[in-house]
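Pasted below: structure11.cif, mmCIF, C-alpha atoms; chains and numbers go by the auth columns.
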```cif
data_target
#
loop_
_atom_site.group_PDB
_atom_site.id
_atom_site.type_symbol
_atom_site.label_atom_id
_atom_site.label_comp_id
_atom_site.label_asym_id
_atom_site.label_seq_id
_atom_site.Cartn_x
_atom_site.Cartn_y
_atom_site.Cartn_z
_atom_site.B_iso_or_equiv
_atom_site.auth_seq_id
_atom_site.auth_asym_id
ATOM 1 C CA MET A 1 1.539 -120.567 -238.974 0.00 1 A
ATOM 2 C CA PRO A 2 -0.106 -120.919 -235.571 0.00 2 A
ATOM 3 C CA ILE A 3 1.677 -119.532 -232.521 0.00 3 A
ATOM 4 C CA LYS A 4 4.020 -122.177 -231.166 0.00 4 A
ATOM 5 C CA ILE A 5 5.459 -122.852 -227.736 0.00 5 A
ATOM 6 C CA VAL A 6 9.194 -122.556 -228.302 0.00 6 A
ATOM 7 C CA VAL A 7 10.660 -121.634 -224.925 0.00 7 A
ATOM 8 C CA THR A 8 9.386 -122.092 -221.412 0.00 8 A
ATOM 9 C CA SER A 9 11.332 -121.201 -218.304 0.00 9 A
ATOM 10 C CA VAL A 10 12.141 -121.919 -214.714 0.00 10 A
ATOM 11 C CA LEU A 11 13.515 -119.206 -212.446 0.00 11 A
ATOM 12 C CA VAL A 12 16.800 -120.396 -210.977 0.00 12 A
ATOM 13 C CA ASP A 13 19.002 -118.884 -208.289 0.00 13 A
ATOM 14 C CA ASP A 14 22.261 -119.825 -210.040 0.00 14 A
ATOM 15 C CA GLN A 15 22.521 -120.629 -213.745 0.00 15 A
ATOM 16 C CA GLU A 16 25.678 -122.717 -213.513 0.00 16 A
ATOM 17 C CA LYS A 17 24.281 -124.851 -210.703 0.00 17 A
ATOM 18 C CA ALA A 18 20.998 -125.130 -212.615 0.00 18 A
ATOM 19 C CA LEU A 19 22.825 -126.318 -215.742 0.00 19 A
ATOM 20 C CA ARG A 20 24.504 -129.048 -213.708 0.00 20 A
ATOM 21 C CA PHE A 21 21.199 -130.171 -212.260 0.00 21 A
ATOM 22 C CA TYR A 22 19.034 -130.004 -215.369 0.00 22 A
ATOM 23 C CA ARG A 23 21.675 -131.417 -217.728 0.00 23 A
ATOM 24 C CA ASP A 24 23.680 -133.806 -215.576 0.00 24 A
ATOM 25 C CA ILE A 25 20.968 -135.094 -213.253 0.00 25 A
ATOM 26 C CA LEU A 26 17.710 -134.752 -215.195 0.00 26 A
ATOM 27 C CA GLY A 27 19.379 -135.535 -218.534 0.00 27 A
ATOM 28 C CA PHE A 28 18.336 -132.571 -220.677 0.00 28 A
ATOM 29 C CA GLU A 29 20.685 -131.455 -223.476 0.00 29 A
ATOM 30 C CA LEU A 30 22.242 -128.024 -223.866 0.00 30 A
ATOM 31 C CA LYS A 31 20.799 -126.059 -226.766 0.00 31 A
ATOM 32 C CA HIS A 32 21.909 -122.427 -226.356 0.00 32 A
ATOM 33 C CA ASP A 33 24.444 -120.864 -224.052 0.00 33 A
ATOM 34 C CA ILE A 34 24.804 -117.228 -225.071 0.00 34 A
ATOM 35 C CA PRO A 35 26.372 -114.565 -222.829 0.00 35 A
ATOM 36 C CA MET A 36 23.868 -111.806 -222.013 0.00 36 A
ATOM 37 C CA GLY A 37 25.258 -109.124 -219.751 0.00 37 A
ATOM 38 C CA GLN A 38 25.950 -110.626 -216.366 0.00 38 A
ATOM 39 C CA HIS A 39 23.844 -113.699 -217.187 0.00 39 A
ATOM 40 C CA ARG A 40 23.430 -116.202 -220.018 0.00 40 A
ATOM 41 C CA TRP A 41 20.661 -117.155 -222.414 0.00 41 A
ATOM 42 C CA LEU A 42 20.770 -120.750 -221.325 0.00 42 A
ATOM 43 C CA THR A 43 18.342 -123.265 -222.792 0.00 43 A
ATOM 44 C CA LEU A 44 18.060 -127.027 -222.863 0.00 44 A
ATOM 45 C CA THR A 45 15.948 -129.522 -224.754 0.00 45 A
ATOM 46 C CA SER A 46 14.674 -132.980 -223.920 0.00 46 A
ATOM 47 C CA ALA A 47 17.185 -135.754 -224.621 0.00 47 A
ATOM 48 C CA GLY A 48 16.948 -136.858 -228.245 0.00 48 A
ATOM 49 C CA ASP A 49 14.678 -133.962 -229.225 0.00 49 A
ATOM 50 C CA PRO A 50 16.970 -131.042 -230.164 0.00 50 A
ATOM 51 C CA ASP A 51 14.200 -129.297 -232.129 0.00 51 A
ATOM 52 C CA GLY A 52 11.664 -129.601 -229.315 0.00 52 A
ATOM 53 C CA VAL A 53 10.522 -127.021 -226.789 0.00 53 A
ATOM 54 C CA GLU A 54 13.423 -125.335 -224.993 0.00 54 A
ATOM 55 C CA LEU A 55 13.645 -124.904 -221.257 0.00 55 A
ATOM 56 C CA LEU A 56 15.178 -121.559 -220.344 0.00 56 A
ATOM 57 C CA LEU A 57 17.108 -121.465 -217.074 0.00 57 A
ATOM 58 C CA GLU A 58 16.257 -117.907 -216.196 0.00 58 A
ATOM 59 C CA PRO A 59 17.885 -115.930 -213.359 0.00 59 A
ATOM 60 C CA ASP A 60 15.459 -115.227 -210.497 0.00 60 A
ATOM 61 C CA GLU A 61 16.947 -111.826 -209.700 0.00 61 A
ATOM 62 C CA HIS A 62 13.689 -109.848 -209.728 0.00 62 A
ATOM 63 C CA PRO A 63 12.925 -108.938 -206.093 0.00 63 A
ATOM 64 C CA ALA A 64 9.485 -110.532 -206.318 0.00 64 A
ATOM 65 C CA ALA A 65 10.833 -113.836 -207.620 0.00 65 A
ATOM 66 C CA LYS A 66 12.318 -115.176 -204.411 0.00 66 A
ATOM 67 C CA PRO A 67 9.337 -114.596 -202.088 0.00 67 A
ATOM 68 C CA TRP A 68 7.115 -116.147 -204.759 0.00 68 A
ATOM 69 C CA LYS A 69 9.350 -119.203 -205.128 0.00 69 A
ATOM 70 C CA THR A 70 9.695 -119.584 -201.363 0.00 70 A
ATOM 71 C CA ALA A 71 5.916 -119.510 -200.902 0.00 71 A
ATOM 72 C CA LEU A 72 5.380 -122.148 -203.593 0.00 72 A
ATOM 73 C CA VAL A 73 8.004 -124.438 -202.107 0.00 73 A
ATOM 74 C CA ALA A 74 6.524 -124.043 -198.606 0.00 74 A
ATOM 75 C CA ASP A 75 3.181 -125.355 -199.859 0.00 75 A
ATOM 76 C CA GLY A 76 4.798 -128.061 -201.966 0.00 76 A
ATOM 77 C CA ILE A 77 3.642 -126.519 -205.241 0.00 77 A
ATOM 78 C CA PRO A 78 5.775 -127.343 -208.295 0.00 78 A
ATOM 79 C CA ALA A 79 7.022 -124.546 -210.559 0.00 79 A
ATOM 80 C CA THR A 80 6.482 -126.737 -213.606 0.00 80 A
ATOM 81 C CA SER A 81 5.881 -130.298 -214.683 0.00 81 A
ATOM 82 C CA PHE A 82 7.805 -132.642 -216.998 0.00 82 A
ATOM 83 C CA GLY A 83 6.617 -135.836 -218.615 0.00 83 A
ATOM 84 C CA VAL A 84 8.185 -139.224 -217.953 0.00 84 A
ATOM 85 C CA GLU A 85 7.397 -142.745 -219.085 0.00 85 A
ATOM 86 C CA ASP A 86 7.768 -144.333 -215.671 0.00 86 A
ATOM 87 C CA VAL A 87 7.532 -142.183 -212.550 0.00 87 A
ATOM 88 C CA HIS A 88 8.574 -144.996 -210.230 0.00 88 A
ATOM 89 C CA ALA A 89 11.739 -145.690 -212.234 0.00 89 A
ATOM 90 C CA GLU A 90 12.641 -141.988 -212.328 0.00 90 A
ATOM 91 C CA HIS A 91 11.974 -141.637 -208.610 0.00 91 A
ATOM 92 C CA LYS A 92 14.374 -144.487 -207.978 0.00 92 A
ATOM 93 C CA ARG A 93 17.015 -143.186 -210.388 0.00 93 A
ATOM 94 C CA LEU A 94 16.896 -139.604 -209.126 0.00 94 A
ATOM 95 C CA SER A 95 16.792 -140.598 -205.448 0.00 95 A
ATOM 96 C CA ALA A 96 19.954 -142.639 -205.992 0.00 96 A
ATOM 97 C CA LEU A 97 21.564 -139.468 -207.360 0.00 97 A
ATOM 98 C CA GLY A 98 20.657 -137.615 -204.159 0.00 98 A
ATOM 99 C CA VAL A 99 17.582 -135.744 -205.404 0.00 99 A
ATOM 100 C CA ALA A 100 15.156 -134.916 -202.563 0.00 100 A
ATOM 101 C CA PHE A 101 11.471 -135.629 -203.161 0.00 101 A
ATOM 102 C CA THR A 102 8.675 -133.782 -201.344 0.00 102 A
ATOM 103 C CA GLN A 103 6.192 -136.254 -202.802 0.00 103 A
ATOM 104 C CA PRO A 104 7.018 -139.831 -203.778 0.00 104 A
ATOM 105 C CA PRO A 105 5.101 -141.326 -206.723 0.00 105 A
ATOM 106 C CA VAL A 106 1.378 -141.032 -206.062 0.00 106 A
ATOM 107 C CA HIS A 107 -1.339 -142.345 -208.341 0.00 107 A
ATOM 108 C CA LEU A 108 -3.910 -139.603 -208.878 0.00 108 A
ATOM 109 C CA GLY A 109 -6.677 -140.255 -211.353 0.00 109 A
ATOM 110 C CA PRO A 110 -5.260 -140.279 -214.902 0.00 110 A
ATOM 111 C CA VAL A 111 -1.662 -139.654 -213.828 0.00 111 A
ATOM 112 C CA THR A 112 1.041 -140.772 -211.444 0.00 112 A
ATOM 113 C CA THR A 113 3.120 -137.862 -210.210 0.00 113 A
ATOM 114 C CA ALA A 114 6.081 -137.160 -207.981 0.00 114 A
ATOM 115 C CA VAL A 115 7.626 -133.867 -206.864 0.00 115 A
ATOM 116 C CA PHE A 116 11.279 -133.094 -206.183 0.00 116 A
ATOM 117 C CA ASP A 117 13.583 -130.193 -205.290 0.00 117 A
ATOM 118 C CA ASP A 118 15.657 -128.830 -208.204 0.00 118 A
ATOM 119 C CA THR A 119 18.275 -127.331 -205.794 0.00 119 A
ATOM 120 C CA CYS A 120 17.719 -123.943 -207.469 0.00 120 A
ATOM 121 C CA GLY A 121 14.724 -122.847 -205.411 0.00 121 A
ATOM 122 C CA ASN A 122 11.953 -124.778 -207.173 0.00 122 A
ATOM 123 C CA LEU A 123 9.937 -127.909 -206.847 0.00 123 A
ATOM 124 C CA ILE A 124 9.467 -129.841 -210.087 0.00 124 A
ATOM 125 C CA GLN A 125 6.763 -132.348 -210.820 0.00 125 A
ATOM 126 C CA ILE A 126 7.214 -135.373 -213.039 0.00 126 A
ATOM 127 C CA ALA A 127 4.072 -136.957 -214.409 0.00 127 A
ATOM 128 C CA GLN A 128 3.242 -140.159 -216.202 0.00 128 A
ATOM 129 C CA ARG A 129 -0.081 -140.422 -218.039 0.00 129 A
ATOM 130 C CA HIS A 130 -1.925 -143.714 -217.962 0.00 130 A
ATOM 131 C CA MET B 1 -8.094 -131.851 -174.825 0.00 1 B
ATOM 132 C CA ASP B 2 -10.917 -129.639 -175.948 0.00 2 B
ATOM 133 C CA LEU B 3 -13.813 -131.860 -176.992 0.00 3 B
ATOM 134 C CA ASP B 4 -15.736 -128.972 -178.531 0.00 4 B
ATOM 135 C CA LEU B 5 -12.805 -128.071 -180.779 0.00 5 B
ATOM 136 C CA LEU B 6 -12.392 -131.675 -181.820 0.00 6 B
ATOM 137 C CA PHE B 7 -16.035 -132.232 -182.648 0.00 7 B
ATOM 138 C CA ARG B 8 -16.182 -128.948 -184.504 0.00 8 B
ATOM 139 C CA ALA B 9 -13.127 -129.919 -186.521 0.00 9 B
ATOM 140 C CA LEU B 10 -14.637 -133.303 -187.336 0.00 10 B
ATOM 141 C CA ALA B 11 -18.069 -131.943 -188.179 0.00 11 B
ATOM 142 C CA ASP B 12 -16.936 -131.000 -191.678 0.00 12 B
ATOM 143 C CA PRO B 13 -16.844 -133.731 -194.364 0.00 13 B
ATOM 144 C CA THR B 14 -13.895 -132.156 -196.198 0.00 14 B
ATOM 145 C CA ARG B 15 -11.843 -132.132 -193.015 0.00 15 B
ATOM 146 C CA ARG B 16 -12.713 -135.756 -192.293 0.00 16 B
ATOM 147 C CA ARG B 17 -11.632 -136.642 -195.828 0.00 17 B
ATOM 148 C CA MET B 18 -8.355 -134.809 -195.289 0.00 18 B
ATOM 149 C CA LEU B 19 -7.692 -136.989 -192.258 0.00 19 B
ATOM 150 C CA ASP B 20 -8.498 -140.083 -194.350 0.00 20 B
ATOM 151 C CA GLU B 21 -5.996 -138.954 -196.976 0.00 21 B
ATOM 152 C CA LEU B 22 -3.323 -138.384 -194.348 0.00 22 B
ATOM 153 C CA ALA B 23 -4.068 -141.808 -192.909 0.00 23 B
ATOM 154 C CA GLU B 24 -3.378 -143.194 -196.371 0.00 24 B
ATOM 155 C CA ARG B 25 -0.117 -141.266 -196.773 0.00 25 B
ATOM 156 C CA ASP B 26 1.162 -139.260 -193.872 0.00 26 B
ATOM 157 C CA GLY B 27 3.321 -136.169 -194.252 0.00 27 B
ATOM 158 C CA GLN B 28 1.729 -134.525 -197.286 0.00 28 B
ATOM 159 C CA THR B 29 2.292 -130.985 -198.471 0.00 29 B
ATOM 160 C CA LEU B 30 -0.646 -128.658 -199.058 0.00 30 B
ATOM 161 C CA PHE B 31 -0.191 -129.251 -202.791 0.00 31 B
ATOM 162 C CA GLU B 32 -0.447 -133.033 -202.583 0.00 32 B
ATOM 163 C CA LEU B 33 -3.415 -132.932 -200.252 0.00 33 B
ATOM 164 C CA HIS B 34 -5.170 -130.495 -202.558 0.00 34 B
ATOM 165 C CA VAL B 35 -4.546 -132.585 -205.675 0.00 35 B
ATOM 166 C CA ARG B 36 -5.783 -135.691 -203.877 0.00 36 B
ATOM 167 C CA LEU B 37 -8.994 -134.064 -202.690 0.00 37 B
ATOM 168 C CA VAL B 38 -9.714 -132.559 -206.079 0.00 38 B
ATOM 169 C CA SER B 39 -8.878 -135.618 -208.160 0.00 39 B
ATOM 170 C CA TRP B 40 -10.311 -138.365 -205.978 0.00 40 B
ATOM 171 C CA HIS B 41 -13.274 -136.601 -204.492 0.00 41 B
ATOM 172 C CA GLY B 42 -14.015 -133.954 -207.097 0.00 42 B
ATOM 173 C CA ALA B 43 -13.952 -131.382 -204.340 0.00 43 B
ATOM 174 C CA SER B 44 -14.141 -127.890 -205.773 0.00 44 B
ATOM 175 C CA LEU B 45 -12.035 -126.284 -203.155 0.00 45 B
ATOM 176 C CA SER B 46 -9.346 -123.662 -203.394 0.00 46 B
ATOM 177 C CA ARG B 47 -5.930 -124.049 -201.841 0.00 47 B
ATOM 178 C CA GLN B 48 -6.817 -121.117 -199.592 0.00 48 B
ATOM 179 C CA ALA B 49 -9.904 -122.931 -198.321 0.00 49 B
ATOM 180 C CA LEU B 50 -7.827 -126.041 -197.791 0.00 50 B
ATOM 181 C CA SER B 51 -5.316 -124.003 -195.868 0.00 51 B
ATOM 182 C CA LYS B 52 -8.078 -122.841 -193.511 0.00 52 B
ATOM 183 C CA HIS B 53 -9.285 -126.403 -193.015 0.00 53 B
ATOM 184 C CA LEU B 54 -5.734 -127.415 -192.137 0.00 54 B
ATOM 185 C CA GLN B 55 -5.597 -124.658 -189.569 0.00 55 B
ATOM 186 C CA VAL B 56 -8.805 -125.848 -187.901 0.00 56 B
ATOM 187 C CA LEU B 57 -7.484 -129.401 -187.746 0.00 57 B
ATOM 188 C CA GLU B 58 -4.180 -128.220 -186.334 0.00 58 B
ATOM 189 C CA GLU B 59 -5.865 -126.094 -183.662 0.00 59 B
ATOM 190 C CA ALA B 60 -7.908 -129.107 -182.631 0.00 60 B
ATOM 191 C CA GLY B 61 -4.682 -131.085 -182.301 0.00 61 B
ATOM 192 C CA LEU B 62 -5.599 -133.519 -185.078 0.00 62 B
ATOM 193 C CA LEU B 63 -2.548 -132.751 -187.137 0.00 63 B
ATOM 194 C CA ARG B 64 0.899 -131.371 -186.713 0.00 64 B
ATOM 195 C CA THR B 65 3.175 -129.743 -189.245 0.00 65 B
ATOM 196 C CA GLU B 66 6.841 -130.273 -189.792 0.00 66 B
ATOM 197 C CA TRP B 67 9.244 -128.343 -192.031 0.00 67 B
ATOM 198 C CA ARG B 68 11.431 -130.564 -194.131 0.00 68 B
ATOM 199 C CA TRP B 69 14.010 -128.468 -195.872 0.00 69 B
ATOM 200 C CA ARG B 70 11.800 -125.591 -197.052 0.00 70 B
ATOM 201 C CA SER B 71 8.491 -127.397 -197.452 0.00 71 B
ATOM 202 C CA LYS B 72 5.791 -127.815 -194.839 0.00 72 B
ATOM 203 C CA HIS B 73 4.432 -131.323 -194.368 0.00 73 B
ATOM 204 C CA HIS B 74 1.275 -132.350 -192.501 0.00 74 B
ATOM 205 C CA PHE B 75 1.031 -135.335 -190.199 0.00 75 B
ATOM 206 C CA LEU B 76 -2.026 -136.960 -188.687 0.00 76 B
ATOM 207 C CA GLU B 77 -2.198 -136.908 -184.885 0.00 77 B
ATOM 208 C CA ARG B 78 -4.152 -139.924 -183.707 0.00 78 B
ATOM 209 C CA SER B 79 -3.947 -139.418 -179.960 0.00 79 B
ATOM 210 C CA PRO B 80 -6.823 -136.887 -179.664 0.00 80 B
ATOM 211 C CA LEU B 81 -9.060 -139.379 -181.488 0.00 81 B
ATOM 212 C CA ARG B 82 -8.144 -142.071 -179.004 0.00 82 B
ATOM 213 C CA ARG B 83 -8.731 -139.732 -176.088 0.00 83 B
ATOM 214 C CA MET B 84 -12.121 -138.689 -177.473 0.00 84 B
ATOM 215 C CA TRP B 85 -12.978 -142.340 -177.607 0.00 85 B
ATOM 216 C CA ASP B 86 -11.664 -143.137 -174.143 0.00 86 B
ATOM 217 C CA VAL B 87 -12.990 -140.094 -172.346 0.00 87 B
ATOM 218 C CA TRP B 88 -16.399 -139.634 -173.857 0.00 88 B
ATOM 219 C CA MET B 89 -17.407 -142.096 -176.532 0.00 89 B
ATOM 220 C CA ARG B 90 -16.486 -145.433 -175.075 0.00 90 B
ATOM 221 C CA PRO B 91 -18.358 -144.907 -171.787 0.00 91 B
ATOM 222 C CA LEU B 92 -21.443 -144.161 -173.859 0.00 92 B
ATOM 223 C CA ALA B 93 -20.961 -146.725 -176.582 0.00 93 B
ATOM 224 C CA GLU B 94 -19.820 -149.528 -174.338 0.00 94 B
ATOM 225 C CA PRO B 95 -21.221 -148.968 -170.845 0.00 95 B
ATOM 226 C CA PRO B 96 -19.561 -151.194 -168.270 0.00 96 B
ATOM 227 C CA GLU B 97 -21.533 -154.392 -167.719 0.00 97 B
ATOM 228 C CA LYS B 98 -23.490 -154.076 -164.486 0.00 98 B
ATOM 229 C CA GLU B 99 -26.301 -155.969 -162.861 0.00 99 B
ATOM 230 C CA THR B 100 -29.629 -154.358 -163.421 0.00 100 B
ATOM 231 C CA GLY B 101 -30.190 -152.554 -160.156 0.00 101 B
ATOM 232 C CA ASP B 102 -33.570 -152.181 -158.549 0.00 102 B
ATOM 233 C CA ALA B 103 -33.492 -148.444 -159.237 0.00 103 B
ATOM 234 C CA ASP B 104 -33.223 -149.062 -162.993 0.00 104 B
ATOM 235 C CA GLN B 105 -35.942 -151.656 -162.875 0.00 105 B
ATOM 236 C CA ASP B 106 -38.210 -149.302 -160.916 0.00 106 B
ATOM 237 C CA ARG B 107 -37.661 -146.557 -163.488 0.00 107 B
ATOM 238 C CA ARG B 108 -38.530 -148.895 -166.334 0.00 108 B
ATOM 239 C CA ASP B 109 -41.627 -150.052 -164.515 0.00 109 B
ATOM 240 C CA GLU B 110 -42.625 -146.492 -163.950 0.00 110 B
ATOM 241 C CA ARG B 111 -42.231 -145.646 -167.637 0.00 111 B
ATOM 242 C CA ALA B 112 -44.220 -148.703 -168.626 0.00 112 B
ATOM 243 C CA GLY B 113 -46.980 -147.523 -166.317 0.00 113 B
ATOM 244 C CA ARG B 114 -46.574 -150.405 -163.932 0.00 114 B
#
```
Represent the structure contained in this file as structure tokens.
Amino acid sequence: MPIKIVVTSVLVDDQEKALRFYRDILGFELKHDIPMGQHRWLTLTSAGDPDGVELLLEPDEHPAAKPWKTALVADGIPATSFGVEDVHAEHKRLSALGVAFTQPPVHLGPVTTAVFDDTCGNLIQIAQRH
Amino acid sequence: MDLDLLFRALADPTRRRMLDELAERDGQTLFELHVRLVSWHGASLSRQALSKHLQVLEEAGLLRTEWRWRSKHHFLERSPLRRMWDVWMRPLAEPPEKETGDADQDRRDERAGR
């Protein structure tokens, strides 16, 4: 069997807050929530795709994590990118829920992208392929 | 206004393109500006190089930066362009209409060997 991408992660400053954002606002579904010491093994999957790639909401407690995240956010650089069918519709939906965008939908070559703040110290890009 | 700084800033095609991109959508982050330059213009330029270009433009007064929450956004400053035009370019490009004085006529005659 080839090596598969099973889990990918974002470094979050607070797992509980991250769960609320990624599940309740973005619409991902909880897959695992396992206590691990002072933190949790907390993963979500895309809505309707419980066997798909899991997103791990990983604590950013390493001392190098915060300066790194801060520098990325300062330059507007997203920590990761998710796919959507309609960037404009998502921009509208998320804005109505109070999500702050650093970049509204912009058409760039083969994709339209937008970038928003995940409230956990990251910028996240959403992209729609044409 | 430092004309030398302005002309130096504008002498680079990448920097002029950056101003064009900001004119299209003002208030971009470094990331957005970089993606735009790379995807529309095929510029092979690093974010670090872009960062230096931004600094040159800012020092010339052609853009200003503003922190929104924790991200830095870049805005086009048009006033130095207008002042360049008013102070130096317009007088050259559009000299005030004046009657051809005798002195001018004499000089032309001289050059023509009359």
One number please: atom CA of A:Gly98 to atom CA of A:His130, in Å, one decimal.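 It comes out at 27.2 Å.
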Would you mind listing, as JSON, numbers by chain, all residues of chain B that have at least one atom within 12 Å of chain A, where only C-alpha atoms are what counts? {"B": [21, 24, 25, 26, 27, 28, 29, 30, 31, 32, 33, 34, 35, 36, 37, 38, 39, 40, 41, 42, 47, 48, 50, 51, 54, 65, 66, 67, 68, 69, 70, 71, 72, 73, 74]}
Do you know which residues the PyMOL selection byres ((chain A and resi 27-29) around 7) returns on this file, as a list of chain:residue names?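 Written out, the selection comes to A:Tyr22, A:Arg23, A:Asp24, A:Ile25, A:Leu26, A:Leu30, A:Lys31, A:Leu44, A:Thr45, A:Ser46, A:Ala47.
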I'd like the interatomic distance between atom CA of A:Glu16 and atom CA of A:Glu61, to a tenth of an Å.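 Atom CA of A:Glu16 sits 14.5 Å away from atom CA of A:Glu61.
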Computed interatomic separation between atom CA of B:Val87 and atom CA of B:Leu19 (Å):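 Pair atom CA of B:Val87 / atom CA of B:Leu19 returns 20.8 Å.
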